[in-house]
Structures are given as structure tokens and as C-alpha cells.
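Asker: Supplied structure: input_31.txt, compact mmCIF, N, CA and C atoms.
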# COMPACT_ATOMS: atom_id res chain seq x y z
N MET A 174 41.01 70.89 139.89
CA MET A 174 39.71 71.05 140.51
C MET A 174 39.68 72.41 141.19
N GLU A 175 38.62 73.11 141.02
CA GLU A 175 38.48 74.46 141.58
C GLU A 175 37.66 74.44 142.85
N ASN A 176 37.90 75.42 143.72
CA ASN A 176 37.01 75.60 144.87
C ASN A 176 35.61 75.83 144.34
N GLY A 177 34.62 75.32 145.03
CA GLY A 177 33.24 75.51 144.59
C GLY A 177 32.71 74.39 143.74
N TYR A 178 33.53 73.40 143.43
CA TYR A 178 33.11 72.31 142.58
C TYR A 178 31.92 71.54 143.16
N TYR A 179 31.82 71.47 144.48
CA TYR A 179 30.76 70.70 145.10
C TYR A 179 29.52 71.53 145.37
N SER A 180 29.05 72.23 144.38
CA SER A 180 27.80 72.99 144.37
C SER A 180 27.41 73.59 145.71
N GLY A 181 28.13 74.55 146.13
CA GLY A 181 27.76 75.30 147.31
C GLY A 181 28.31 74.76 148.62
N ILE A 182 28.87 73.56 148.64
CA ILE A 182 29.49 73.05 149.86
C ILE A 182 30.91 73.62 149.90
N PRO A 183 31.25 74.34 150.97
CA PRO A 183 32.62 74.87 151.04
C PRO A 183 33.63 73.73 150.93
N ASN A 184 34.63 73.92 150.10
CA ASN A 184 35.61 72.86 149.90
C ASN A 184 36.97 73.43 149.56
N GLU A 185 37.95 72.57 149.63
CA GLU A 185 39.31 72.96 149.30
C GLU A 185 40.03 71.75 148.72
N PRO A 186 40.64 71.90 147.56
CA PRO A 186 41.45 70.80 147.03
C PRO A 186 42.89 70.92 147.54
N LEU A 187 43.52 69.80 147.81
CA LEU A 187 44.94 69.77 148.14
C LEU A 187 45.65 68.95 147.07
N HIS A 188 46.84 69.37 146.69
CA HIS A 188 47.62 68.65 145.71
C HIS A 188 48.98 68.31 146.31
N PHE A 189 49.44 67.10 146.07
CA PHE A 189 50.69 66.62 146.62
C PHE A 189 51.65 66.30 145.48
N TYR A 190 52.81 66.93 145.52
CA TYR A 190 53.80 66.79 144.46
C TYR A 190 55.09 66.17 144.98
N ARG A 191 55.75 65.45 144.14
CA ARG A 191 57.14 65.04 144.35
C ARG A 191 57.90 65.68 143.20
N ASP A 192 58.82 66.57 143.56
CA ASP A 192 59.47 67.43 142.58
C ASP A 192 58.36 68.20 141.86
N SER A 193 58.21 68.06 140.58
CA SER A 193 57.13 68.80 139.89
C SER A 193 56.01 67.87 139.43
N GLN A 194 56.05 66.61 139.85
CA GLN A 194 55.02 65.66 139.42
C GLN A 194 53.92 65.53 140.46
N LEU A 195 52.68 65.65 140.00
CA LEU A 195 51.52 65.47 140.87
C LEU A 195 51.42 63.99 141.25
N MET A 196 51.46 63.72 142.55
CA MET A 196 51.39 62.34 143.05
C MET A 196 50.01 61.98 143.58
N ALA A 197 49.34 62.98 144.21
CA ALA A 197 48.04 62.70 144.82
C ALA A 197 47.26 64.00 144.94
N THR A 198 45.95 63.86 145.06
CA THR A 198 45.08 65.00 145.29
C THR A 198 43.99 64.58 146.27
N ALA A 199 43.58 65.54 147.08
CA ALA A 199 42.53 65.29 148.07
C ALA A 199 41.49 66.40 147.97
N THR A 200 40.25 66.06 148.20
CA THR A 200 39.18 67.05 148.25
C THR A 200 38.65 67.10 149.68
N LEU A 201 38.65 68.29 150.25
CA LEU A 201 38.20 68.51 151.62
C LEU A 201 36.88 69.25 151.59
N LEU A 202 35.87 68.72 152.27
CA LEU A 202 34.56 69.36 152.35
C LEU A 202 34.34 69.83 153.78
N PHE A 203 33.77 71.03 153.95
CA PHE A 203 33.55 71.60 155.27
C PHE A 203 32.07 71.63 155.59
N MET A 204 31.72 71.14 156.79
CA MET A 204 30.33 71.09 157.22
C MET A 204 30.27 71.42 158.70
N GLY A 205 29.75 72.58 159.06
CA GLY A 205 29.65 72.97 160.46
C GLY A 205 31.01 73.07 161.10
N ASP A 206 31.19 72.38 162.23
CA ASP A 206 32.47 72.42 162.93
C ASP A 206 33.33 71.20 162.60
N GLY A 207 33.01 70.54 161.49
CA GLY A 207 33.79 69.39 161.04
C GLY A 207 34.11 69.48 159.57
N ALA A 208 34.86 68.51 159.12
CA ALA A 208 35.22 68.44 157.71
C ALA A 208 35.27 66.98 157.30
N GLU A 209 35.19 66.75 156.01
CA GLU A 209 35.30 65.41 155.46
C GLU A 209 36.45 65.38 154.47
N LEU A 210 37.31 64.42 154.62
CA LEU A 210 38.30 64.13 153.58
C LEU A 210 37.51 63.31 152.57
N HIS A 211 36.94 64.03 151.59
CA HIS A 211 35.93 63.46 150.71
C HIS A 211 36.51 62.48 149.70
N LYS A 212 37.56 62.88 149.04
CA LYS A 212 38.19 62.02 148.03
C LYS A 212 39.70 62.11 148.18
N LEU A 213 40.36 60.99 147.98
CA LEU A 213 41.81 60.94 147.96
C LEU A 213 42.20 60.09 146.77
N TYR A 214 42.90 60.69 145.84
CA TYR A 214 43.33 59.98 144.65
C TYR A 214 44.86 59.97 144.61
N VAL A 215 45.42 58.81 144.32
CA VAL A 215 46.87 58.67 144.17
C VAL A 215 47.12 58.22 142.73
N HIS A 216 48.07 58.89 142.08
CA HIS A 216 48.41 58.53 140.70
C HIS A 216 48.80 57.05 140.65
N PRO A 217 48.32 56.31 139.65
CA PRO A 217 48.61 54.87 139.57
C PRO A 217 50.11 54.55 139.65
N ASN A 218 50.96 55.39 139.08
CA ASN A 218 52.40 55.13 139.12
C ASN A 218 53.02 55.39 140.49
N ALA A 219 52.26 56.04 141.38
CA ALA A 219 52.78 56.36 142.71
C ALA A 219 52.25 55.41 143.79
N ARG A 220 51.43 54.47 143.41
CA ARG A 220 50.83 53.57 144.39
C ARG A 220 51.84 52.52 144.86
N GLY A 221 51.70 52.15 146.12
CA GLY A 221 52.57 51.13 146.69
C GLY A 221 53.86 51.68 147.28
N PHE A 222 54.00 53.00 147.32
CA PHE A 222 55.22 53.63 147.84
C PHE A 222 54.95 54.48 149.08
N GLY A 223 53.75 54.39 149.65
CA GLY A 223 53.43 55.17 150.83
C GLY A 223 52.91 56.57 150.55
N VAL A 224 52.69 56.90 149.28
CA VAL A 224 52.20 58.22 148.91
C VAL A 224 50.79 58.45 149.45
N GLY A 225 49.92 57.46 149.31
CA GLY A 225 48.54 57.59 149.80
C GLY A 225 48.49 57.79 151.30
N ARG A 226 49.28 57.04 152.01
CA ARG A 226 49.32 57.16 153.47
C ARG A 226 49.83 58.54 153.88
N ALA A 227 50.89 59.00 153.22
CA ALA A 227 51.43 60.33 153.52
C ALA A 227 50.43 61.42 153.17
N ALA A 228 49.73 61.30 152.04
CA ALA A 228 48.74 62.30 151.63
C ALA A 228 47.54 62.31 152.57
N ALA A 229 47.07 61.14 153.00
CA ALA A 229 45.94 61.07 153.93
C ALA A 229 46.31 61.72 155.25
N THR A 230 47.45 61.38 155.79
CA THR A 230 47.90 61.94 157.07
C THR A 230 48.13 63.45 156.95
N ALA A 231 48.76 63.88 155.87
CA ALA A 231 48.99 65.31 155.66
C ALA A 231 47.68 66.07 155.54
N SER A 232 46.68 65.48 154.88
CA SER A 232 45.37 66.13 154.72
C SER A 232 44.67 66.29 156.06
N ILE A 233 44.66 65.24 156.86
CA ILE A 233 44.02 65.29 158.17
C ILE A 233 44.73 66.29 159.07
N ASP A 234 46.05 66.22 159.11
CA ASP A 234 46.83 67.15 159.94
C ASP A 234 46.64 68.59 159.49
N TYR A 235 46.61 68.80 158.18
CA TYR A 235 46.40 70.14 157.62
C TYR A 235 45.04 70.71 158.07
N LEU A 236 44.01 69.90 158.01
CA LEU A 236 42.67 70.37 158.41
C LEU A 236 42.66 70.84 159.86
N PHE A 237 43.25 70.06 160.75
CA PHE A 237 43.26 70.45 162.17
C PHE A 237 44.17 71.65 162.43
N ALA A 238 45.28 71.73 161.72
CA ALA A 238 46.22 72.84 161.93
C ALA A 238 45.71 74.15 161.35
N THR A 239 44.87 74.08 160.34
CA THR A 239 44.44 75.29 159.62
C THR A 239 43.06 75.78 160.05
N TYR A 240 42.18 74.88 160.44
CA TYR A 240 40.80 75.25 160.76
C TYR A 240 40.44 74.82 162.18
N ASP A 241 39.50 75.50 162.78
CA ASP A 241 39.04 75.17 164.13
C ASP A 241 37.96 74.09 164.03
N LEU A 242 38.38 72.84 163.91
CA LEU A 242 37.46 71.72 163.68
C LEU A 242 37.37 70.83 164.90
N GLU A 243 36.20 70.25 165.10
CA GLU A 243 36.01 69.24 166.14
C GLU A 243 36.47 67.87 165.65
N ASP A 244 36.10 67.55 164.40
CA ASP A 244 36.51 66.26 163.86
C ASP A 244 36.57 66.28 162.35
N VAL A 245 37.22 65.24 161.82
CA VAL A 245 37.35 65.02 160.38
C VAL A 245 36.86 63.61 160.12
N SER A 246 36.03 63.44 159.11
CA SER A 246 35.54 62.10 158.79
C SER A 246 36.00 61.69 157.40
N VAL A 247 35.99 60.38 157.20
CA VAL A 247 36.32 59.79 155.91
C VAL A 247 35.34 58.66 155.68
N SER A 248 34.68 58.66 154.52
CA SER A 248 33.82 57.54 154.15
C SER A 248 34.68 56.47 153.50
N ILE A 249 34.49 55.25 153.91
CA ILE A 249 35.26 54.14 153.37
C ILE A 249 34.44 53.49 152.27
N LEU A 250 34.95 53.53 151.08
CA LEU A 250 34.24 52.96 149.93
C LEU A 250 35.11 51.92 149.25
N GLY A 251 34.49 50.95 148.68
CA GLY A 251 35.22 49.94 147.92
C GLY A 251 36.21 49.16 148.77
N ASN A 252 37.39 49.02 148.25
CA ASN A 252 38.41 48.20 148.91
C ASN A 252 39.34 48.99 149.80
N SER A 253 38.93 50.17 150.25
CA SER A 253 39.83 51.04 151.01
C SER A 253 39.81 50.81 152.51
N ALA A 254 39.02 49.88 153.01
CA ALA A 254 38.89 49.68 154.46
C ALA A 254 40.23 49.37 155.12
N GLU A 255 41.01 48.49 154.55
CA GLU A 255 42.30 48.12 155.14
C GLU A 255 43.24 49.33 155.18
N PHE A 256 43.26 50.11 154.12
CA PHE A 256 44.08 51.32 154.07
C PHE A 256 43.71 52.27 155.19
N TRP A 257 42.40 52.55 155.34
CA TRP A 257 41.96 53.51 156.35
C TRP A 257 42.15 52.98 157.77
N PHE A 258 42.05 51.67 157.95
CA PHE A 258 42.30 51.10 159.26
C PHE A 258 43.74 51.38 159.69
N LYS A 259 44.68 51.31 158.76
CA LYS A 259 46.08 51.64 159.06
C LYS A 259 46.24 53.11 159.44
N ILE A 260 45.53 53.99 158.78
CA ILE A 260 45.59 55.42 159.10
C ILE A 260 45.01 55.65 160.50
N VAL A 261 43.86 55.05 160.78
CA VAL A 261 43.23 55.19 162.10
C VAL A 261 44.17 54.71 163.20
N THR A 262 44.79 53.56 163.00
CA THR A 262 45.71 53.01 163.99
C THR A 262 46.83 53.99 164.30
N ALA A 263 47.33 54.69 163.29
CA ALA A 263 48.42 55.65 163.51
C ALA A 263 47.99 56.83 164.37
N TYR A 264 46.70 57.15 164.41
CA TYR A 264 46.20 58.28 165.20
C TYR A 264 45.80 57.87 166.63
N GLY A 265 45.89 56.61 166.95
CA GLY A 265 45.63 56.14 168.31
C GLY A 265 44.26 56.55 168.84
N ASP A 266 44.22 57.11 170.05
CA ASP A 266 42.96 57.47 170.71
C ASP A 266 42.23 58.62 170.03
N ARG A 267 42.89 59.31 169.11
CA ARG A 267 42.24 60.41 168.40
C ARG A 267 41.40 59.91 167.23
N ALA A 268 41.35 58.62 167.00
CA ALA A 268 40.67 58.10 165.82
C ALA A 268 39.69 56.99 166.18
N LEU A 269 38.69 56.86 165.33
CA LEU A 269 37.67 55.84 165.51
C LEU A 269 37.37 55.24 164.14
N TYR A 270 37.42 53.93 164.07
CA TYR A 270 37.08 53.20 162.85
C TYR A 270 35.72 52.56 163.07
N ALA A 271 34.71 53.09 162.44
CA ALA A 271 33.35 52.57 162.58
C ALA A 271 32.79 52.40 161.17
N TYR A 272 33.18 51.31 160.51
CA TYR A 272 32.81 51.07 159.12
C TYR A 272 31.35 51.41 158.89
N PRO A 273 30.99 52.19 157.92
CA PRO A 273 31.79 52.65 156.79
C PRO A 273 32.39 54.06 156.97
N GLN A 274 32.70 54.46 158.18
CA GLN A 274 33.28 55.78 158.43
C GLN A 274 34.52 55.66 159.31
N CYS A 275 35.44 56.59 159.12
CA CYS A 275 36.55 56.81 160.05
C CYS A 275 36.35 58.22 160.58
N TYR A 276 36.64 58.43 161.85
CA TYR A 276 36.55 59.75 162.46
C TYR A 276 37.87 60.06 163.13
N PHE A 277 38.35 61.27 162.94
CA PHE A 277 39.57 61.75 163.57
C PHE A 277 39.21 62.99 164.36
N VAL A 278 39.64 63.09 165.60
CA VAL A 278 39.27 64.23 166.43
C VAL A 278 40.49 65.12 166.65
N LYS A 279 40.21 66.36 167.06
CA LYS A 279 41.25 67.37 167.19
C LYS A 279 42.33 66.93 168.18
N PRO A 280 43.54 67.46 168.02
CA PRO A 280 44.61 67.13 168.94
C PRO A 280 44.21 67.49 170.38
N GLY A 281 44.57 66.63 171.32
CA GLY A 281 44.24 66.85 172.72
C GLY A 281 42.90 66.26 173.13
N ASP A 282 42.14 65.75 172.19
CA ASP A 282 40.84 65.13 172.48
C ASP A 282 40.92 63.65 172.13
N THR A 283 39.89 62.91 172.49
CA THR A 283 39.85 61.49 172.14
C THR A 283 38.55 61.18 171.40
N ALA A 284 38.59 60.15 170.60
CA ALA A 284 37.40 59.71 169.88
C ALA A 284 36.32 59.28 170.87
N ARG A 285 36.71 58.67 171.97
CA ARG A 285 35.74 58.24 172.99
C ARG A 285 34.98 59.44 173.54
N ASN A 286 35.66 60.57 173.72
CA ASN A 286 35.01 61.79 174.22
C ASN A 286 34.08 62.40 173.17
N GLN A 287 34.50 62.44 171.92
CA GLN A 287 33.71 63.06 170.85
C GLN A 287 32.56 62.18 170.35
N HIS A 288 32.71 60.87 170.43
CA HIS A 288 31.70 59.93 169.91
C HIS A 288 31.35 58.89 170.97
N PRO A 289 30.84 59.31 172.13
CA PRO A 289 30.62 58.36 173.25
C PRO A 289 29.62 57.26 172.94
N LEU A 290 28.62 57.52 172.12
CA LEU A 290 27.61 56.49 171.83
C LEU A 290 28.22 55.30 171.10
N THR A 291 29.23 55.53 170.32
CA THR A 291 29.89 54.44 169.60
C THR A 291 30.61 53.50 170.56
N PHE A 292 31.06 54.05 171.69
CA PHE A 292 31.79 53.24 172.66
C PHE A 292 30.89 52.63 173.73
N ALA A 293 29.61 53.04 173.78
CA ALA A 293 28.69 52.52 174.79
C ALA A 293 28.46 51.03 174.59
N THR A 294 28.46 50.30 175.66
CA THR A 294 28.25 48.84 175.54
C THR A 294 26.94 48.43 176.17
Kindly present the structure from the file in C-alpha cells form.
Answerer:
Amino acid sequence: MENGYYSGIPNEPLHFYRDSQLMATATLLFMGDGAELHKLYVHPNARGFGVGRAAATASIDYLFATYDLEDVSVSILGNSAEFWFKIVTAYGDRALYAYPQCYFVKPGDTARNQHPLTFAT
């Protein structure tokens, strides 16, 4: 996948390898001061070994380490809700699970601070 695939939306593909074999790929879309982990694909032969979890975490961490972002979002589609809930749990106060979206905020901040309306009761 080449940069520019998403018709004018700034994006970056990430590829994850074990030795020389492609295990997973992620598509990152940039919008304003945030980004979306748009797609995450894990090779069928690599599923069930923690590759998806490692690729998701590496993608989110990469975005915050490389770009000056306020937050990263992920749309939950299909049967991926349980998977993303596990990722959100690993990020603690920096993450918010609000189906059908997950939000991750920059290090040193909290989801409650970035998305206060979601926490309002």
C-alpha cells in the first residue's frame, strides 16, 4: 500500500515482520491534531499468537512517539470489540472505550481530560 491511497487524506502504512515474513499491516490516517488507526490486518497464519495485539500497541505508540497528536482513534467493526477492549484496558487512564470507537490520548494525559462529555453523568 502506498502513501496517498486514501485520496488526499494524509496517511502512512506500517508493516510488521517476523524475520522476513509480513505478519501484519496497519493504515494510519491523519486528521487535524489526531490520527486514526484505520485498518489493522494480521496474516491468517499469524493469528492467535499475540501478533495483532503487538501490532496495535506498536501502531498507537508509534503515532504518539512520532507525531504531535492529541489522540488516536480506532473504529470498532465486526467482531473486533473484545480485541479492542483488551487494548484499551492495557492503556489504563489514557484510553476510552466508547463503542463503536476507542480513543487513546497522548502520554501524560487522561481520556477523562480529553473527552469530558463522555464521562459526564
Asker: Tell me which of A:Trp257, A:Tyr270, A:Phe222, A:Phe277 sits closest to Val245 (chain A), counting all atoms listed in the file.
Answerer: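 Ranked by minimum distance to Val245 (chain A), first place goes to A:Phe277.
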Asker: Find the residue from A:Leu210, A:Cys275, A:Ala254, A:Leu195 that sits nearest to Asp234 (chain A); use only C-alpha atoms when measuring.
Answerer: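 Closest to Asp234 (chain A), using only C-alpha atoms: A:Leu210.
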Asker: Pick out the closest residue to Leu250 (chain A) from this set: A:Lys212, A:Lys279, A:Arg220, A:Arg267. Count only C-alpha atoms.
Answerer: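 For Leu250 (chain A), the nearest of the given residues is A:Lys212.
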Asker: Which polymer residues, whether protein, DNA or RNA, lie within 6.5 Å of the coordinate (38.5, 61.8, 153.5) when you count all atoms listed in the file? List them as a list in words, using the chain letters and numbers from the file.
Answerer: Glu209, Leu210, His211, Lys212, Leu213, Ser246, Val247 and Ser248 of chain A
Asker: Between atom N of Gln194 (chain A) and atom N of Thr239 (chain A), measure the distance and give it in Å to one decimal.
Answerer: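 Computed distance, atom N of Gln194 (chain A) to atom N of Thr239 (chain A), equals 24.5 Å.
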Asker: Please identify all polymer residues within 6.5 Å of region 284-292 of chain A, counting all atoms listed in the file, omitting same-chain residues fewer than 3 positions from it, and present them as a ChimeraX atom specification.
Answerer: /A:266-269,278
Asker: Could you pull out the strand (DSSP E) residues of region 209-292 of chain A, going by DSSP on the backbone, and write them as a count of residues only?
Answerer: 21
Asker: Would you mind reading off the distance between atom N of Gln274 (chain A) and atom N of Ala219 (chain A), one decimal, in Å?
Answerer: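 That distance, rounded to one decimal, is 25.8 Å.
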Asker: Have a look at A:Phe189, A:Phe203, A:Tyr214, A:Tyr272 and name the one nearest to Ile249 (chain A); count only C-alpha atoms.
Answerer: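 Closest to Ile249 (chain A) of all the choices is A:Tyr272.
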Asker: Could you tell me which of A:Thr198, A:Tyr235, A:Met204, A:Val215 comes closest to Asn184 (chain A) if we count only N, CA and C atoms?
Answerer: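 Looking only at the distances to Asn184 (chain A), the closest residue turns out to be A:Met204.
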Asker: What does the distance from atom C of Tyr264 (chain A) to CA of Asn218 (chain A) come to in Å, to one decimal?
Answerer: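 Going from atom C of Tyr264 (chain A) over to CA of Asn218 (chain A) covers 28.4 Å.
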Asker: Using only N, CA and C atoms, which of the listed residues (A:Leu187, A:Val261, A:Ala199, A:Ala231) sits closest to Tyr276 (chain A)?
Answerer: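 Residue with the minimum atom-to-atom distance to Tyr276 (chain A): A:Val261.
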Asker: Which parts of region 178-227 of chain A does DSSP call helix (DSSP H, G or I) when run on the backbone here, written out as a short mmCIF file (atom, residue, chain, number, x, y, z; two decimals) with N, CA and C atoms, in the coordinates of the input?
Answerer:
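What landed in part-v3.cif:
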data_model
loop_
_atom_site.label_atom_id
_atom_site.label_comp_id
_atom_site.auth_asym_id
_atom_site.auth_seq_id
_atom_site.Cartn_x
_atom_site.Cartn_y
_atom_site.Cartn_z
N PRO A 217 48.32 56.31 139.65
CA PRO A 217 48.61 54.87 139.57
C PRO A 217 50.11 54.55 139.65
N ASN A 218 50.96 55.39 139.08
CA ASN A 218 52.40 55.13 139.12
C ASN A 218 53.02 55.39 140.49
N ALA A 219 52.26 56.04 141.38
CA ALA A 219 52.78 56.36 142.71
C ALA A 219 52.25 55.41 143.79
N VAL A 224 52.69 56.90 149.28
CA VAL A 224 52.20 58.22 148.91
C VAL A 224 50.79 58.45 149.45
N GLY A 225 49.92 57.46 149.31
CA GLY A 225 48.54 57.59 149.80
C GLY A 225 48.49 57.79 151.30
N ARG A 226 49.28 57.04 152.01
CA ARG A 226 49.32 57.16 153.47
C ARG A 226 49.83 58.54 153.88
N ALA A 227 50.89 59.00 153.22
CA ALA A 227 51.43 60.33 153.52
C ALA A 227 50.43 61.42 153.17
#
